[in-house]
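Pasting my_file_13.pdb here (PDB, C-alpha atoms):
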MODEL        1
ATOM      1  CA  MET D   1       8.386  10.843  21.636
ATOM      2  CA  LYS D   2      10.993   9.277  19.376
ATOM      3  CA  ALA D   3      10.395   9.674  15.670
ATOM      4  CA  ILE D   4      12.113   9.657  12.312
ATOM      5  CA  SER D   5      12.143  13.186  10.948
ATOM      6  CA  VAL D   6      13.679  15.246   8.160
ATOM      7  CA  ASN D   7      14.457  18.956   8.064
ATOM      8  CA  SER D   8      14.760  19.219   4.290
ATOM      9  CA  TYR D   9      14.085  17.195   1.183
ATOM     10  CA  GLY D  10      16.667  14.596   0.266
ATOM     11  CA  GLY D  11      17.603  10.943   0.109
ATOM     12  CA  PRO D  12      17.689   8.378   2.920
ATOM     13  CA  SER D  13      20.612  10.198   4.562
ATOM     14  CA  VAL D  14      18.304  13.064   5.658
ATOM     15  CA  LEU D  15      16.245  10.690   7.841
ATOM     16  CA  GLU D  16      17.159  11.205  11.510
ATOM     17  CA  TYR D  17      16.106   9.440  14.714
ATOM     18  CA  THR D  18      14.982  12.370  16.843
ATOM     19  CA  ASP D  19      12.922  13.572  19.784
ATOM     20  CA  GLN D  20       9.693  15.266  18.680
ATOM     21  CA  PRO D  21       6.735  16.728  20.595
ATOM     22  CA  ASP D  22       3.876  14.333  21.286
ATOM     23  CA  PRO D  23       1.031  14.888  18.782
ATOM     24  CA  LYS D  24      -2.033  16.952  19.594
ATOM     25  CA  VAL D  25      -5.273  14.995  19.313
ATOM     26  CA  GLY D  26      -8.054  16.649  17.324
ATOM     27  CA  PRO D  27     -11.742  16.241  18.134
ATOM     28  CA  ASP D  28     -12.316  13.492  15.538
ATOM     29  CA  SER D  29      -8.975  11.765  16.074
ATOM     30  CA  VAL D  30      -7.372   9.226  18.398
ATOM     31  CA  LEU D  31      -3.827   8.995  19.697
ATOM     32  CA  ILE D  32      -2.171   5.719  18.738
ATOM     33  CA  ARG D  33       0.797   4.092  20.425
ATOM     34  CA  VAL D  34       2.506   2.746  17.327
ATOM     35  CA  ARG D  35       3.487  -0.905  17.333
ATOM     36  CA  ALA D  36       4.590  -1.023  13.697
ATOM     37  CA  ALA D  37       4.584   1.256  10.652
ATOM     38  CA  GLY D  38       4.572   0.296   6.991
ATOM     39  CA  VAL D  39       7.221   1.568   4.581
ATOM     40  CA  ASN D  40       5.960   2.474   1.123
ATOM     41  CA  PRO D  41       7.547   3.992  -1.996
ATOM     42  CA  VAL D  42       5.448   7.131  -1.534
ATOM     43  CA  ASP D  43       7.296   7.776   1.739
ATOM     44  CA  TRP D  44      10.688   8.238   0.112
ATOM     45  CA  LYS D  45       9.096  10.117  -2.772
ATOM     46  CA  ILE D  46       7.698  12.631  -0.270
ATOM     47  CA  VAL D  47      11.034  12.869   1.549
ATOM     48  CA  GLY D  48      12.747  13.389  -1.791
ATOM     49  CA  GLY D  49      10.446  16.258  -2.700
ATOM     50  CA  TYR D  50       8.907  14.469  -5.674
ATOM     51  CA  LEU D  51       5.349  15.271  -4.548
ATOM     52  CA  ASP D  52       6.003  18.888  -3.600
ATOM     53  CA  ALA D  53       3.871  20.173  -6.479
ATOM     54  CA  MET D  54       0.949  18.100  -5.210
ATOM     55  CA  MET D  55       1.071  18.259  -1.408
ATOM     56  CA  TYR D  56       2.026  20.908   1.137
ATOM     57  CA  ALA D  57       4.885  19.723   3.335
ATOM     58  CA  HIS D  58       6.052  21.254   6.624
ATOM     59  CA  PHE D  59       9.365  20.695   8.391
ATOM     60  CA  PRO D  60      10.426  18.994  10.540
ATOM     61  CA  LEU D  61       8.555  16.294   8.656
ATOM     62  CA  ILE D  62       7.799  12.812   9.984
ATOM     63  CA  PRO D  63       7.134  10.479   7.042
ATOM     64  CA  GLY D  64       4.827   7.482   6.897
ATOM     65  CA  TRP D  65       1.129   6.825   6.305
ATOM     66  CA  ASP D  66       0.697   3.179   7.430
ATOM     67  CA  VAL D  67       0.182   2.328  11.083
ATOM     68  CA  ALA D  68      -0.796  -0.495  13.413
ATOM     69  CA  GLY D  69      -1.069   0.206  17.117
ATOM     70  CA  VAL D  70      -3.127   0.687  20.257
ATOM     71  CA  VAL D  71      -5.411   3.610  21.036
ATOM     72  CA  GLU D  72      -3.957   5.609  23.925
ATOM     73  CA  ALA D  73      -6.305   8.623  23.991
ATOM     74  CA  VAL D  74      -9.549   9.577  22.272
ATOM     75  CA  GLY D  75     -10.669  12.951  20.893
ATOM     76  CA  VAL D  76     -13.849  14.565  22.162
ATOM     77  CA  ASP D  77     -15.830  13.428  19.091
ATOM     78  CA  ALA D  78     -14.209  10.068  18.316
ATOM     79  CA  ALA D  79     -16.643   7.679  19.982
ATOM     80  CA  GLU D  80     -15.913   4.950  17.436
ATOM     81  CA  TYR D  81     -12.881   3.898  19.506
ATOM     82  CA  ALA D  82     -11.855   3.496  23.137
ATOM     83  CA  VAL D  83      -8.526   3.418  24.927
ATOM     84  CA  GLY D  84      -6.947   0.010  24.428
ATOM     85  CA  ASP D  85      -8.475  -0.713  21.026
ATOM     86  CA  GLU D  86      -6.134  -2.237  18.480
ATOM     87  CA  VAL D  87      -6.324  -0.405  15.149
ATOM     88  CA  ILE D  88      -4.795  -0.113  11.715
ATOM     89  CA  GLY D  89      -4.792   2.961   9.539
ATOM     90  CA  TYR D  90      -3.849   4.639   6.303
ATOM     91  CA  VAL D  91      -3.230   7.988   7.981
ATOM     92  CA  ARG D  92      -2.997  10.287   4.982
ATOM     93  CA  LYS D  93      -3.898  13.855   5.804
ATOM     94  CA  ASP D  94      -4.303  16.871   3.535
ATOM     95  CA  GLU D  95      -0.794  18.140   4.338
ATOM     96  CA  VAL D  96       2.381  16.237   5.168
ATOM     97  CA  GLN D  97       4.156  16.631   8.491
ATOM     98  CA  HIS D  98       2.991  14.311  11.274
ATOM     99  CA  GLY D  99       3.439  10.802   9.888
ATOM    100  CA  THR D 100       3.636   7.299  11.308
ATOM    101  CA  TYR D 101       7.410   6.760  11.603
ATOM    102  CA  ALA D 102       7.007   7.613  15.286
ATOM    103  CA  GLU D 103       6.127   6.219  18.681
ATOM    104  CA  LEU D 104       2.829   8.141  18.694
ATOM    105  CA  VAL D 105       0.520   9.317  15.925
ATOM    106  CA  ALA D 106      -2.755  11.231  15.987
ATOM    107  CA  ALA D 107      -5.090   9.686  13.406
ATOM    108  CA  PRO D 108      -8.530  10.860  12.228
ATOM    109  CA  VAL D 109     -11.094   8.108  12.725
ATOM    110  CA  ARG D 110     -11.919   8.269   8.990
ATOM    111  CA  THR D 111      -8.485   6.731   8.307
ATOM    112  CA  LEU D 112      -8.807   3.781  10.702
ATOM    113  CA  ALA D 113     -10.286   0.318  11.121
ATOM    114  CA  ARG D 114      -9.945  -2.350  13.773
ATOM    115  CA  LYS D 115      -6.858  -4.538  13.554
ATOM    116  CA  PRO D 116      -7.594  -8.099  12.421
ATOM    117  CA  ALA D 117      -6.479 -10.544  15.106
ATOM    118  CA  ALA D 118      -5.331 -12.941  12.380
ATOM    119  CA  LEU D 119      -2.442 -10.635  11.445
ATOM    120  CA  SER D 120       0.706  -9.912  13.424
ATOM    121  CA  TRP D 121       1.580  -6.298  14.161
ATOM    122  CA  GLN D 122       4.091  -6.329  11.316
ATOM    123  CA  GLN D 123       1.562  -7.728   8.853
ATOM    124  CA  ALA D 124      -1.139  -5.348  10.042
ATOM    125  CA  ALA D 125       1.156  -2.356   9.512
ATOM    126  CA  GLY D 126       1.822  -3.448   5.948
ATOM    127  CA  LEU D 127      -1.843  -3.801   5.032
ATOM    128  CA  PRO D 128      -3.494  -0.353   4.850
ATOM    129  CA  LEU D 129      -1.918   1.583   1.962
ATOM    130  CA  ALA D 130      -1.039  -1.404  -0.202
ATOM    131  CA  GLY D 131      -4.246  -3.251   0.588
ATOM    132  CA  LEU D 132      -6.449  -0.235  -0.073
ATOM    133  CA  THR D 133      -4.599   0.484  -3.309
ATOM    134  CA  ALA D 134      -5.215  -3.060  -4.512
ATOM    135  CA  TYR D 135      -8.821  -3.118  -3.311
ATOM    136  CA  GLN D 136      -9.748   0.223  -4.841
ATOM    137  CA  ALA D 137      -8.084  -0.633  -8.162
ATOM    138  CA  ILE D 138     -10.058  -3.878  -8.313
ATOM    139  CA  GLU D 139     -13.247  -1.971  -7.492
ATOM    140  CA  ARG D 140     -12.527   0.746 -10.061
ATOM    141  CA  VAL D 141     -12.466  -1.697 -12.989
ATOM    142  CA  GLY D 142     -15.523  -3.592 -11.736
ATOM    143  CA  THR D 143     -13.892  -6.987 -11.313
ATOM    144  CA  LYS D 144     -16.453  -9.805 -11.055
ATOM    145  CA  ARG D 145     -16.509 -13.488 -10.095
ATOM    146  CA  GLY D 146     -15.580 -15.740 -13.006
ATOM    147  CA  GLU D 147     -13.516 -13.114 -14.824
ATOM    148  CA  THR D 148      -9.807 -13.209 -15.620
ATOM    149  CA  ALA D 149      -7.503 -10.475 -14.309
ATOM    150  CA  LEU D 150      -3.980  -9.636 -15.437
ATOM    151  CA  VAL D 151      -1.965  -8.243 -12.523
ATOM    152  CA  HIS D 152       1.371  -6.587 -13.287
ATOM    153  CA  ALA D 153       4.051  -6.784 -10.548
ATOM    154  CA  ALA D 154       1.948  -9.417  -8.836
ATOM    155  CA  ALA D 155       4.651 -10.377  -6.324
ATOM    156  CA  GLY D 156       5.121  -6.840  -4.972
ATOM    157  CA  GLY D 157       3.553  -5.268  -1.915
ATOM    158  CA  VAL D 158       0.417  -4.095  -3.741
ATOM    159  CA  GLY D 159       0.295  -6.840  -6.341
ATOM    160  CA  SER D 160       0.470  -9.720  -3.857
ATOM    161  CA  LEU D 161      -2.526  -8.284  -2.016
ATOM    162  CA  ALA D 162      -4.426  -7.672  -5.258
ATOM    163  CA  VAL D 163      -3.915 -11.315  -6.200
ATOM    164  CA  GLN D 164      -5.400 -12.486  -2.907
ATOM    165  CA  ILE D 165      -8.339 -10.065  -3.013
ATOM    166  CA  ALA D 166      -9.189 -11.098  -6.567
ATOM    167  CA  VAL D 167      -8.853 -14.813  -5.835
ATOM    168  CA  ALA D 168     -11.128 -14.393  -2.803
ATOM    169  CA  ARG D 169     -13.738 -12.923  -5.194
ATOM    170  CA  GLY D 170     -13.593 -15.930  -7.471
ATOM    171  CA  VAL D 171     -11.448 -14.238 -10.120
ATOM    172  CA  ARG D 172      -8.831 -16.078 -12.154
ATOM    173  CA  VAL D 173      -5.525 -14.209 -11.825
ATOM    174  CA  ILE D 174      -2.600 -14.197 -14.214
ATOM    175  CA  GLY D 175       0.290 -12.369 -12.574
ATOM    176  CA  THR D 176       3.556 -11.048 -13.979
ATOM    177  CA  ALA D 177       6.731 -11.582 -11.977
ATOM    178  CA  SER D 178      10.323 -12.693 -12.304
ATOM    179  CA  GLU D 179      10.789 -16.465 -12.356
ATOM    180  CA  ARG D 180      12.141 -16.492  -8.814
ATOM    181  CA  ASN D 181       8.699 -15.351  -7.622
ATOM    182  CA  HIS D 182       6.579 -17.815  -9.609
ATOM    183  CA  ASP D 183       6.178 -20.341  -6.792
ATOM    184  CA  PHE D 184       5.233 -17.493  -4.463
ATOM    185  CA  LEU D 185       2.480 -16.401  -6.845
ATOM    186  CA  ARG D 186       1.210 -19.943  -7.173
ATOM    187  CA  SER D 187       0.962 -20.103  -3.380
ATOM    188  CA  LEU D 188      -1.341 -17.067  -3.521
ATOM    189  CA  GLY D 189      -3.558 -18.660  -6.166
ATOM    190  CA  ALA D 190      -2.243 -16.906  -9.286
ATOM    191  CA  GLU D 191      -0.908 -18.279 -12.555
ATOM    192  CA  PRO D 192       2.528 -16.671 -13.030
ATOM    193  CA  VAL D 193       4.040 -15.389 -16.261
ATOM    194  CA  THR D 194       7.417 -13.761 -16.760
ATOM    195  CA  TYR D 195       7.281 -10.057 -17.626
ATOM    196  CA  GLY D 196       9.183  -8.496 -20.523
ATOM    197  CA  ASP D 197       9.293  -9.120 -24.261
ATOM    198  CA  GLY D 198       6.772 -11.698 -25.420
ATOM    199  CA  LEU D 199       4.408 -11.097 -22.494
ATOM    200  CA  ALA D 200       1.308 -10.913 -24.691
ATOM    201  CA  GLU D 201       2.053 -14.309 -26.223
ATOM    202  CA  ARG D 202       2.664 -15.880 -22.805
ATOM    203  CA  VAL D 203      -0.626 -14.517 -21.487
ATOM    204  CA  ARG D 204      -2.488 -15.632 -24.629
ATOM    205  CA  ALA D 205      -1.153 -19.141 -24.073
ATOM    206  CA  LEU D 206      -3.046 -19.173 -20.774
ATOM    207  CA  ALA D 207      -6.039 -17.071 -21.844
ATOM    208  CA  PRO D 208      -6.498 -17.331 -25.651
ATOM    209  CA  GLU D 209      -9.527 -15.013 -25.626
ATOM    210  CA  GLY D 210      -7.744 -12.348 -23.584
ATOM    211  CA  VAL D 211      -8.396 -10.972 -20.113
ATOM    212  CA  ASP D 212     -11.312  -9.058 -18.627
ATOM    213  CA  VAL D 213      -9.376  -6.567 -16.497
ATOM    214  CA  ALA D 214      -5.757  -5.439 -16.147
ATOM    215  CA  LEU D 215      -4.117  -3.850 -13.124
ATOM    216  CA  ASP D 216      -0.816  -2.012 -13.527
ATOM    217  CA  PHE D 217       1.161  -1.781 -10.285
ATOM    218  CA  VAL D 218       4.551  -1.138 -11.873
ATOM    219  CA  GLY D 219       4.435   1.335 -14.798
ATOM    220  CA  ASN D 220       7.320   0.708 -17.188
ATOM    221  CA  GLY D 221       5.180   0.850 -20.302
ATOM    222  CA  VAL D 222       2.802  -2.061 -19.666
ATOM    223  CA  LEU D 223      -0.354  -0.171 -20.697
ATOM    224  CA  ASP D 224      -0.136  -0.994 -24.406
ATOM    225  CA  VAL D 225       0.371  -4.719 -23.895
ATOM    226  CA  SER D 226      -2.455  -4.677 -21.350
ATOM    227  CA  GLN D 227      -4.861  -3.133 -23.844
ATOM    228  CA  GLU D 228      -3.740  -5.600 -26.490
ATOM    229  CA  LEU D 229      -4.921  -8.368 -24.157
ATOM    230  CA  LEU D 230      -8.084  -6.736 -22.836
ATOM    231  CA  LYS D 231     -11.515  -7.656 -24.183
ATOM    232  CA  ASP D 232     -12.661  -4.138 -23.177
ATOM    233  CA  ARG D 233      -9.757  -1.676 -23.445
ATOM    234  CA  GLY D 234     -11.253   0.608 -20.774
ATOM    235  CA  ARG D 235     -11.106  -1.953 -17.958
ATOM    236  CA  LEU D 236      -7.563  -0.960 -17.112
ATOM    237  CA  ALA D 237      -6.279   0.674 -13.924
ATOM    238  CA  SER D 238      -2.815   1.962 -13.066
ATOM    239  CA  ILE D 239      -1.180   3.403  -9.990
ATOM    240  CA  ALA D 240       2.051   4.205 -11.802
ATOM    241  CA  ASP D 241       1.408   5.534 -15.313
ATOM    242  CA  GLY D 242      -0.487   8.800 -15.785
ATOM    243  CA  GLU D 243      -1.108   8.007 -19.441
ATOM    244  CA  VAL D 244      -3.718   5.444 -18.430
ATOM    245  CA  GLN D 245      -6.463   8.068 -18.503
ATOM    246  CA  GLN D 246      -5.568   9.146 -22.030
ATOM    247  CA  LYS D 247      -5.886   5.482 -23.007
ATOM    248  CA  GLY D 248      -9.402   5.271 -21.566
ATOM    249  CA  GLY D 249      -8.443   3.593 -18.286
ATOM    250  CA  HIS D 250      -8.409   4.658 -14.638
ATOM    251  CA  MET D 251      -5.691   6.291 -12.539
ATOM    252  CA  VAL D 252      -5.899   5.155  -8.925
ATOM    253  CA  TRP D 253      -4.546   7.281  -6.074
ATOM    254  CA  VAL D 254      -5.496   5.422  -2.928
ATOM    255  CA  ARG D 255      -7.962   7.105  -0.548
ATOM    256  CA  PRO D 256      -8.429   6.560   3.193
ATOM    257  CA  ASP D 257     -11.677   4.633   3.593
ATOM    258  CA  THR D 258     -12.812   2.897   6.768
ATOM    259  CA  ALA D 259     -15.306   0.640   4.970
ATOM    260  CA  ASP D 260     -12.707  -0.578   2.463
ATOM    261  CA  LEU D 261     -10.114  -1.086   5.208
ATOM    262  CA  THR D 262     -12.648  -3.031   7.256
ATOM    263  CA  ALA D 263     -13.388  -5.230   4.231
ATOM    264  CA  LEU D 264      -9.666  -6.039   4.010
ATOM    265  CA  ALA D 265      -9.549  -6.818   7.738
ATOM    266  CA  ASP D 266     -12.543  -9.127   7.318
ATOM    267  CA  LEU D 267     -10.758 -11.012   4.526
ATOM    268  CA  ALA D 268      -7.751 -11.431   6.812
ATOM    269  CA  GLU D 269      -9.930 -12.703   9.653
ATOM    270  CA  ALA D 270     -11.535 -15.198   7.268
ATOM    271  CA  GLY D 271      -8.111 -16.560   6.319
ATOM    272  CA  LYS D 272      -8.383 -15.296   2.730
ATOM    273  CA  LEU D 273      -5.771 -12.548   2.962
ATOM    274  CA  THR D 274      -2.350 -12.377   4.506
ATOM    275  CA  VAL D 275       0.409  -9.788   4.219
ATOM    276  CA  PRO D 276       3.794 -11.092   3.085
ATOM    277  CA  VAL D 277       6.467  -9.215   5.053
ATOM    278  CA  GLU D 278       9.864  -9.294   3.420
ATOM    279  CA  ALA D 279      11.794  -7.362   6.059
ATOM    280  CA  ALA D 280      11.325  -5.571   9.367
ATOM    281  CA  PHE D 281      13.654  -2.875  10.743
ATOM    282  CA  PRO D 282      13.779  -1.081  14.098
ATOM    283  CA  LEU D 283      12.449   2.478  13.936
ATOM    284  CA  ALA D 284      15.959   3.878  14.385
ATOM    285  CA  GLU D 285      17.037   2.080  11.180
ATOM    286  CA  ALA D 286      14.352   3.635   8.982
ATOM    287  CA  ALA D 287      16.968   4.865   6.504
ATOM    288  CA  GLU D 288      17.966   1.256   5.795
ATOM    289  CA  ALA D 289      14.309   0.289   5.372
ATOM    290  CA  VAL D 290      13.825   3.130   2.891
ATOM    291  CA  LYS D 291      16.900   2.074   0.934
ATOM    292  CA  ARG D 292      15.434  -1.431   0.723
ATOM    293  CA  SER D 293      12.177   0.020  -0.583
ATOM    294  CA  MET D 294      13.989   2.182  -3.128
ATOM    295  CA  SER D 295      15.671  -0.882  -4.623
ATOM    296  CA  GLY D 296      12.310  -1.803  -6.177
ATOM    297  CA  ARG D 297      12.958  -5.514  -5.745
ATOM    298  CA  SER D 298      10.976  -6.258  -2.608
ATOM    299  CA  ARG D 299       8.641  -9.233  -2.473
ATOM    300  CA  GLY D 300       5.913  -8.267  -0.070
ATOM    301  CA  LYS D 301       6.073  -5.476   2.499
ATOM    302  CA  ILE D 302       8.801  -3.676   4.423
ATOM    303  CA  VAL D 303       7.884  -2.486   7.914
ATOM    304  CA  LEU D 304       9.307  -0.671  10.918
ATOM    305  CA  GLU D 305       9.001  -2.179  14.396
ATOM    306  CA  VAL D 306       8.314   0.678  16.776
ATOM    307  CA  SER D 307       7.289  -0.794  20.130
ATOM    308  CA  SER D 308       6.453  -4.134  21.701
TER     309      SER D 308
ENDMDL
END
Do you think you could lay out the structure here as structure tokens?
Amino acid sequence: MKAISVNSYGGPSVLEYTDQPDPKVGPDSVLIRVRAAGVNPVDWKIVGGYLDAMMYAHFPLIPGWDVAGVVEAVGVDAAEYAVGDEVIGYVRKDEVQHGTYAELVAAPVRTLARKPAALSWQQAAGLPLAGLTAYQAIERVGTKRGETALVHAAAGGVGSLAVQIAVARGVRVIGTASERNHDFLRSLGAEPVTYGDGLAERVRALAPEGVDVALDFVGNGVLDVSQELLKDRGRLASIADGEVQQKGGHMVWVRPDTADLTALADLAEAGKLTVPVEAAFPLAEAAEAVKRSMSGRSRGKIVLEVSS
């Protein structure tokens, strides 16, 4: 099969379009013919060696955890799926080597859900990691109907999904973003505010009594201003700032979860969740896609088109 692989840690230049052996399919796994794969910041962090202290990596390494595709073969104990099923997955395994930047990927059934027909292949590939991150962060702080949520980096890949999930739950969302993304946030149902100095005052102008929950999808020192605005300082979650736990909040490292992924697919089927795709690249141009991700200025998701 064709795949993007690396033989050592490094920047985008180490990503190569190569021939790799077809994956072996374990007993509780299925083989997926990849239609599209999502590109996430964690991918280039793994390739760069930034997670080496946390995860075992083996070379040659194929990056990528997000996938949308069609089941091509089924393991001996994977009766949940049949050949021809359309699926999506956050295919994170315990060690890093056989990722989704490839024509074929073997995925444990615990990482998969059925693809929502309402989403294109590109959109479906961008949903799993970002969608699960948003969903699990919202769950972790116990967000309820009628509450007000402050979402940092609300126009990004994770933030834009968090906005939609929260709005679908009947939550009022105030989202931080640059002014160029304010109309985009309004289209998702959020009330936009510009990030940076004076943020607390801008949020107070919209919510004088403060907010019920705060979700940090950017880091950059937003924890203190979040707690200044929170009615309960512990209802704070971050995916980007490890100090959140010392401040009484929750660190969220997204987990594969079929039930959560199915809940996201159901929202998409109901027309309450879509996946903004900023850019799509052919598999062979993965290095360019990664560079785009590394810029940190993407609105929505970046994906790789693998097959048609």
Practice task
Could you give me, as a ChimeraX atom specification, the residues within 10 Å of Val213 in chain D, counting only C-alpha atoms and dropping anything in the same chain fewer than 6 positions from it?
Solution key: /D:138,141-144,147-151,173,226-227,229-237
Exercise for the section: Kindly give the distance, in Å, that separates CA of Ser13 in chain D and CA of Glu288 in chain D, rounded to a single decimal. Expected result: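 Separation between CA of Ser13 in chain D and CA of Glu288 in chain D: 9.4 Å.
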Residues returned when the PyMOL selection byres ((chain D and resi 104) around 8) runs on this file, as an mmCIF file with C-alpha atoms, in the coordinates of the input:
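Below you can see expr-v8.cif, which holds the result:
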data_model
loop_
_atom_site.group_PDB
_atom_site.id
_atom_site.type_symbol
_atom_site.label_atom_id
_atom_site.label_comp_id
_atom_site.auth_asym_id
_atom_site.auth_seq_id
_atom_site.Cartn_x
_atom_site.Cartn_y
_atom_site.Cartn_z
ATOM 1 C CA MET D 1 8.386 10.843 21.636
ATOM 2 C CA ASP D 22 3.876 14.333 21.286
ATOM 3 C CA PRO D 23 1.031 14.888 18.782
ATOM 4 C CA LEU D 31 -3.827 8.995 19.697
ATOM 5 C CA ILE D 32 -2.171 5.719 18.738
ATOM 6 C CA ARG D 33 0.797 4.092 20.425
ATOM 7 C CA VAL D 34 2.506 2.746 17.327
ATOM 8 C CA THR D 100 3.636 7.299 11.308
ATOM 9 C CA ALA D 102 7.007 7.613 15.286
ATOM 10 C CA GLU D 103 6.127 6.219 18.681
ATOM 11 C CA VAL D 105 0.520 9.317 15.925
ATOM 12 C CA ALA D 106 -2.755 11.231 15.987
#
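When all atoms listed in the file are used to compute distances to Ala117 in chain D, the closest of the residues D:Ala214, D:Ala53, D:Ile88, D:Val6 turns out to be D:Ile88.
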Can you spell out as a short mmCIF file (atom, residue, chain, number, x, y, z; two decimals) with C-alpha atoms, in the frame of the given file the set of residues that the PyMOL selection byres ((chain D and resi 146) around 6) selects in the structure I just provided?
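Written file, out33.cif:
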data_model
loop_
_atom_site.label_atom_id
_atom_site.label_comp_id
_atom_site.auth_asym_id
_atom_site.auth_seq_id
_atom_site.Cartn_x
_atom_site.Cartn_y
_atom_site.Cartn_z
CA ARG D 145 -16.51 -13.49 -10.10
CA GLU D 147 -13.52 -13.11 -14.82
CA GLY D 170 -13.59 -15.93 -7.47
CA VAL D 171 -11.45 -14.24 -10.12
#
Handout entry: Among the residues D:Gly99, D:Pro128, D:Pro282, D:Gly242, the one that comes closest to Ala259 in chain D [using all atoms listed in the file]
Key =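 When distances to Ala259 in chain D are compared using all atoms listed in the file, the smallest one comes from D:Pro128.
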Practice task
Please write the residues picked by the PyMOL selection byres ((chain D and resi 301-304) around 6) on this file as a PyMOL selection string.
Solution key: chain D and resi 36-39+126+157+277-283+300+305
